[in-house]
Amino acid sequence: MKVLVTGIDRGLGKTLHAVFGGTGLNRGNAEEILASRDSYDAILHAAFNPRRDSDSESLYGAVTDNLLLTERLARLPHKQFVYISSIDVYPKNGGRHAEDELIRPETANDLYVLFKLMAESIVTGTAAGALILRCSAMLGASARRSSLIKILEDEKPKVELSPDSVFNYVLHSDIAAFIRYALENEMTGTFNAAARETMTLGEAAEEAGKKVIFGSYRYDSGQISNQKIAAVCEGFRKTSLETVRAYALEQYKMRLPAHA
C-alpha cells in the first residue's frame, strides 16, 4: 500500500509514519510532494497548526496550514483519505455526543475548533474514501508534553489546569491499529476515537502518587460516545484510567504507584 502521512515531525503523525511508512510530508517538503501529483492508496492527514489565537496578520498562515493544505491534499489522486479531527468540535452543552450529531459552526469557541469543522467538511465533500477520526487527548512516545505527561514525568509537577479538569485519553497505538483495520476494510464515515469513560487531572495525580501544583482553568472534554469505534476495535473499550495506566507501562516500563 502506497501511503502519504502528514505532520511527521511530532505527535500522531510521527507515530503513523513509523507504523505505516511511505512518504512523509512536513513543512520542508510539502510543496515538492504536492506539486508531484503522485497517486496514493491512502493519505493520512495528521498535520495541523494548533494555534488557537490568530490576528489579522497571522490569519492567512493559519488558513493555509489548516484548510488550504487539506484541500490540496484531497486533490491528490488517492483511494482513501483519513483526517485526524478532534472531539473538541462538539459543543460544550453537557450532552453526550455521537457521530451522527449535526454540529453548527457558531458553536465553535475558537479557531482551532472552527478549522477542524471546516477541514472535516472539505474532506467529506472532496476526498475519496473519506474517514474522519474525532480524537480525544492522545498519548504516545511522540505526544506533546500535556498536563498529564507533566504529572507523570516531573518530580514536582506544575500545571495550568485545575484538578477537576476532565479528559478523555486514547493511545497513539490504538489509533494506528484502528486506521490499519479501517484501510484494510475500506471503511468510511466519522468515528469518535475516544475512551469509554473520562477522568480528571486530580485523579491522574492521585494515581501517579504526585503532589501537583494546579492552576485555575478548568477544561472539560465533554461526554463522548465511543460505541461505534469500540464495536470494531478492542483498544477503545478501555477507560481513560486504563489508557493512562497502559501508557505509563508502555512509555516508562513501570506501573503507577497507586496500583503497583
# chains A, B, ... in the order shown; residues from 1 in each chain; ligands from 1
$ select_by_dssp --residues "stretch 90-201 of chain A" --states "strand (DSSP E or B)" --output "NGL selection string"
:A and (96-97 or 130-135 or 137-139 or 158 or 161 or 166-167 or 169-171 or 189-193 or 199-200)
$ select_by_dssp --residues "stretch 13-207 of chain A" --states "alpha helix (DSSP H)" --output "PyMOL selection string"
chain A and resi 13-20+30-36+59-63+69-75+111-126+147-153+172-184+201-207
$ residues_around --residues "A:His17" --least-positions-apart "2" --cutoff "10 Å" --atoms "only C-alpha atoms" --output "list in words"
Val3, Leu4, Val5, Thr6, Gly7, Ile8, Asp9, Leu12, Gly13, Lys14, Thr15, Val19, Phe20, Gly21, Gly22, Thr23, Gly24, Leu25, Leu44 and Ala176 of chain A
$ residues_around --residues "A:Ala182" --least-positions-apart "6" --cutoff "12 Å" --atoms "only C-alpha atoms" --output "PyMOL selection string"
chain A and resi 42+44+80-82+129-133+175-176+188-191+229+232-233
$ write_last_selection --atoms "N, CA and C atoms" --output "PDB file, in the first residue's frame"
ATOM      1  N   ALA A  42      -3.550   5.564   0.201  1.00  0.00           N
ATOM      2  CA  ALA A  42      -4.151   6.215   1.366  1.00  0.00           C
ATOM      3  C   ALA A  42      -3.355   7.458   1.737  1.00  0.00           C
ATOM      4  N   LEU A  44      -2.964   9.897   5.036  1.00  0.00           N
ATOM      5  CA  LEU A  44      -3.256  10.028   6.460  1.00  0.00           C
ATOM      6  C   LEU A  44      -2.874  11.445   6.871  1.00  0.00           C
ATOM      7  N   GLN A  80      -8.150   6.320  -0.473  1.00  0.00           N
ATOM      8  CA  GLN A  80      -8.711   6.543   0.860  1.00  0.00           C
ATOM      9  C   GLN A  80      -8.029   7.746   1.508  1.00  0.00           C
ATOM     10  N   PHE A  81      -8.795   8.481   2.299  1.00  0.00           N
ATOM     11  CA  PHE A  81      -8.282   9.685   2.943  1.00  0.00           C
ATOM     12  C   PHE A  81      -8.721   9.670   4.400  1.00  0.00           C
ATOM     13  N   VAL A  82      -7.742   9.657   5.314  1.00  0.00           N
ATOM     14  CA  VAL A  82      -8.024   9.659   6.749  1.00  0.00           C
ATOM     15  C   VAL A  82      -7.665  11.028   7.308  1.00  0.00           C
ATOM     16  N   GLY A 129     -13.044   7.993  -0.386  1.00  0.00           N
ATOM     17  CA  GLY A 129     -12.894   7.101   0.765  1.00  0.00           C
ATOM     18  C   GLY A 129     -12.644   7.849   2.044  1.00  0.00           C
ATOM     19  N   ALA A 130     -13.425   8.894   2.317  1.00  0.00           N
ATOM     20  CA  ALA A 130     -13.165   9.776   3.450  1.00  0.00           C
ATOM     21  C   ALA A 130     -13.475   9.115   4.787  1.00  0.00           C
ATOM     22  N   LEU A 131     -12.497   9.149   5.697  1.00  0.00           N
ATOM     23  CA  LEU A 131     -12.645   8.639   7.056  1.00  0.00           C
ATOM     24  C   LEU A 131     -12.209   9.735   8.021  1.00  0.00           C
ATOM     25  N   ILE A 132     -13.127  10.179   8.877  1.00  0.00           N
ATOM     26  CA  ILE A 132     -12.852  11.232   9.848  1.00  0.00           C
ATOM     27  C   ILE A 132     -12.712  10.600  11.229  1.00  0.00           C
ATOM     28  N   LEU A 133     -11.590  10.858  11.917  1.00  0.00           N
ATOM     29  CA  LEU A 133     -11.401  10.388  13.284  1.00  0.00           C
ATOM     30  C   LEU A 133     -11.408  11.589  14.222  1.00  0.00           C
ATOM     31  N   ILE A 175      -5.037   4.151  17.959  1.00  0.00           N
ATOM     32  CA  ILE A 175      -5.487   4.880  16.773  1.00  0.00           C
ATOM     33  C   ILE A 175      -4.870   4.276  15.521  1.00  0.00           C
ATOM     34  N   ALA A 176      -3.578   3.978  15.574  1.00  0.00           N
ATOM     35  CA  ALA A 176      -2.902   3.371  14.428  1.00  0.00           C
ATOM     36  C   ALA A 176      -3.501   2.004  14.095  1.00  0.00           C
ATOM     37  N   THR A 188     -15.353   3.995   5.729  1.00  0.00           N
ATOM     38  CA  THR A 188     -15.508   5.432   5.571  1.00  0.00           C
ATOM     39  C   THR A 188     -16.439   5.953   6.663  1.00  0.00           C
ATOM     40  N   GLY A 189     -16.610   7.273   6.717  1.00  0.00           N
ATOM     41  CA  GLY A 189     -17.504   7.859   7.708  1.00  0.00           C
ATOM     42  C   GLY A 189     -16.736   8.520   8.837  1.00  0.00           C
ATOM     43  N   THR A 190     -17.447   8.823   9.926  1.00  0.00           N
ATOM     44  CA  THR A 190     -16.882   9.529  11.070  1.00  0.00           C
ATOM     45  C   THR A 190     -16.908   8.635  12.301  1.00  0.00           C
ATOM     46  N   PHE A 191     -15.801   8.629  13.052  1.00  0.00           N
ATOM     47  CA  PHE A 191     -15.688   7.825  14.259  1.00  0.00           C
ATOM     48  C   PHE A 191     -15.118   8.680  15.391  1.00  0.00           C
ATOM     49  N   ILE A 229     -16.735   3.022  17.426  1.00  0.00           N
ATOM     50  CA  ILE A 229     -15.370   2.553  17.214  1.00  0.00           C
ATOM     51  C   ILE A 229     -15.045   1.358  18.098  1.00  0.00           C
ATOM     52  N   VAL A 232     -15.643  -2.211  16.770  1.00  0.00           N
ATOM     53  CA  VAL A 232     -14.747  -2.828  15.788  1.00  0.00           C
ATOM     54  C   VAL A 232     -13.286  -2.829  16.217  1.00  0.00           C
ATOM     55  N   CYS A 233     -12.956  -2.119  17.319  1.00  0.00           N
ATOM     56  CA  CYS A 233     -11.558  -2.034  17.750  1.00  0.00           C
ATOM     57  C   CYS A 233     -11.478  -2.150  19.274  1.00  0.00           C
TER      58      CYS A 233
END
$ closest_residue --among "A:Leu16, A:Val123, A:Ala137, A:Val212" --to "A:Ala74" --atoms "only C-alpha atoms"
A:Val123
$ closest_atom_pairs --of "stretch 123-228 of chain A" --to "stretch 246-250 of chain A" --cutoff "8 Å" --atoms "only C-alpha atoms" --output "CSV"
residue,atom,partner,partner_atom,distance
A:Leu139,CA,A:Tyr247,CA,6.7
A:Gly140,CA,A:Tyr247,CA,7.0
A:Leu152,CA,A:Ala248,CA,7.8
A:Leu171,CA,A:Tyr247,CA,7.1
$ residues_around --residues "A:Pro77" --least-positions-apart "4" --cutoff "8 Å" --atoms "only C-alpha atoms" --output "count of residues only"
4
$ atom_distance --atom1 "atom CA of A:Val244" --atom2 "atom CA of A:Arg218"
19.7 Å
$ residues_around --residues "A:Ala230" --least-positions-apart "2" --cutoff "10 Å" --atoms "only C-alpha atoms" --output "PyMOL selection string"
chain A and resi 178+191-196+225-228+232-238
$ residues_around --residues "A:Arg104" --least-positions-apart "4" --cutoff "12 Å" --atoms "only C-alpha atoms" --output "list in words"
Val89, Tyr90, Pro91, Ala108, Asn109, Val113, Leu114, Leu117 and Met118 of chain A
$ closest_residue --among "A:Tyr219, A:Met187, A:Leu111, A:Ala205" --to "A:Glu160" --atoms "only C-alpha atoms"
A:Tyr219
$ closest_residue --among "A:Arg134, A:His172, A:Arg245, A:Lys92" --to "A:Ala204" --atoms "only C-alpha atoms"
A:Arg245
$ atom_distance --atom1 "atom CA of A:Leu68" --atom2 "atom CA of A:Phe115"
10.6 Å
$ closest_residue --among "A:Ala141, A:Ala177, A:Leu148, A:Ala30" --to "A:Thr70" --atoms "only C-alpha atoms"
A:Ala30
$ decode --residues "stretch 14-28 of chain A" --atoms "all heavy atoms" --output "compact mmCIF listing (two decimals), in the first residue's frame"
# COMPACT_ATOMS: atom_id res chain seq x y z
N LYS A 14 3.92 11.54 13.53
CA LYS A 14 5.20 10.85 13.66
C LYS A 14 4.98 9.37 13.94
O LYS A 14 5.67 8.51 13.36
CB LYS A 14 6.02 11.49 14.78
CG LYS A 14 7.43 10.94 14.92
CD LYS A 14 8.24 11.74 15.93
CE LYS A 14 9.67 11.23 16.02
NZ LYS A 14 10.49 12.04 16.95
N THR A 15 4.02 9.06 14.80
CA THR A 15 3.71 7.66 15.09
C THR A 15 3.18 6.95 13.86
O THR A 15 3.61 5.82 13.54
CB THR A 15 2.66 7.57 16.21
OG1 THR A 15 3.21 8.11 17.42
CG2 THR A 15 2.24 6.13 16.46
N LEU A 16 2.26 7.58 13.13
CA LEU A 16 1.67 6.94 11.95
C LEU A 16 2.72 6.71 10.86
O LEU A 16 2.69 5.68 10.18
CB LEU A 16 0.53 7.80 11.40
CG LEU A 16 -0.70 7.95 12.31
CD1 LEU A 16 -1.75 8.82 11.64
CD2 LEU A 16 -1.29 6.59 12.68
N HIS A 17 3.67 7.63 10.73
CA HIS A 17 4.71 7.44 9.74
C HIS A 17 5.61 6.26 10.11
O HIS A 17 6.04 5.49 9.25
CB HIS A 17 5.54 8.71 9.60
CG HIS A 17 6.45 8.72 8.42
ND1 HIS A 17 7.74 9.17 8.46
CD2 HIS A 17 6.26 8.30 7.14
CE1 HIS A 17 8.31 9.05 7.29
NE2 HIS A 17 7.43 8.51 6.46
N ALA A 18 5.87 6.11 11.42
CA ALA A 18 6.68 4.98 11.88
C ALA A 18 5.95 3.66 11.65
O ALA A 18 6.57 2.64 11.32
CB ALA A 18 7.00 5.15 13.37
N VAL A 19 4.63 3.66 11.82
CA VAL A 19 3.84 2.44 11.68
C VAL A 19 3.60 2.08 10.21
O VAL A 19 3.77 0.92 9.81
CB VAL A 19 2.48 2.59 12.41
CG1 VAL A 19 1.56 1.41 12.09
CG2 VAL A 19 2.69 2.70 13.91
N PHE A 20 3.22 3.06 9.40
CA PHE A 20 2.80 2.78 8.01
C PHE A 20 3.89 3.03 6.99
O PHE A 20 3.78 2.57 5.85
CB PHE A 20 1.56 3.63 7.67
CG PHE A 20 0.33 3.23 8.40
CD1 PHE A 20 -0.03 3.86 9.58
CD2 PHE A 20 -0.48 2.21 7.92
CE1 PHE A 20 -1.17 3.49 10.28
CE2 PHE A 20 -1.63 1.83 8.61
CZ PHE A 20 -1.98 2.47 9.79
N GLY A 21 4.95 3.77 7.39
CA GLY A 21 6.00 4.06 6.42
C GLY A 21 5.49 4.97 5.32
O GLY A 21 4.66 5.85 5.54
N GLY A 22 5.96 4.75 4.10
CA GLY A 22 5.51 5.52 2.97
C GLY A 22 6.16 6.89 2.91
O GLY A 22 7.24 7.12 3.46
N THR A 23 5.50 7.82 2.26
CA THR A 23 6.00 9.18 2.08
C THR A 23 5.56 10.03 3.26
O THR A 23 4.39 10.03 3.65
CB THR A 23 5.46 9.79 0.78
OG1 THR A 23 5.85 8.97 -0.33
CG2 THR A 23 5.99 11.21 0.58
N GLY A 24 6.51 10.77 3.83
CA GLY A 24 6.19 11.65 4.94
C GLY A 24 6.24 13.10 4.52
O GLY A 24 7.19 13.53 3.86
N LEU A 25 5.22 13.86 4.88
CA LEU A 25 5.13 15.27 4.50
C LEU A 25 5.31 16.16 5.71
O LEU A 25 4.68 15.94 6.75
CB LEU A 25 3.78 15.55 3.82
CG LEU A 25 3.51 16.97 3.32
CD1 LEU A 25 2.62 16.94 2.08
CD2 LEU A 25 2.86 17.85 4.39
N ASN A 26 6.19 17.17 5.59
CA ASN A 26 6.33 18.20 6.60
C ASN A 26 6.52 19.54 5.89
O ASN A 26 6.42 19.62 4.65
CB ASN A 26 7.47 17.89 7.57
CG ASN A 26 8.81 17.75 6.87
OD1 ASN A 26 9.00 18.19 5.74
ND2 ASN A 26 9.76 17.14 7.56
N ARG A 27 6.82 20.58 6.64
CA ARG A 27 6.96 21.90 6.02
C ARG A 27 8.09 21.95 5.00
O ARG A 27 8.02 22.68 4.01
CB ARG A 27 7.19 22.96 7.10
CG ARG A 27 5.96 23.24 7.95
CD ARG A 27 6.23 24.39 8.91
NE ARG A 27 5.09 24.62 9.80
CZ ARG A 27 4.03 25.34 9.48
NH1 ARG A 27 3.96 25.93 8.29
NH2 ARG A 27 3.04 25.50 10.34
N GLY A 28 9.13 21.15 5.23
CA GLY A 28 10.29 21.20 4.36
C GLY A 28 10.05 20.66 2.97
O GLY A 28 10.67 21.12 2.01
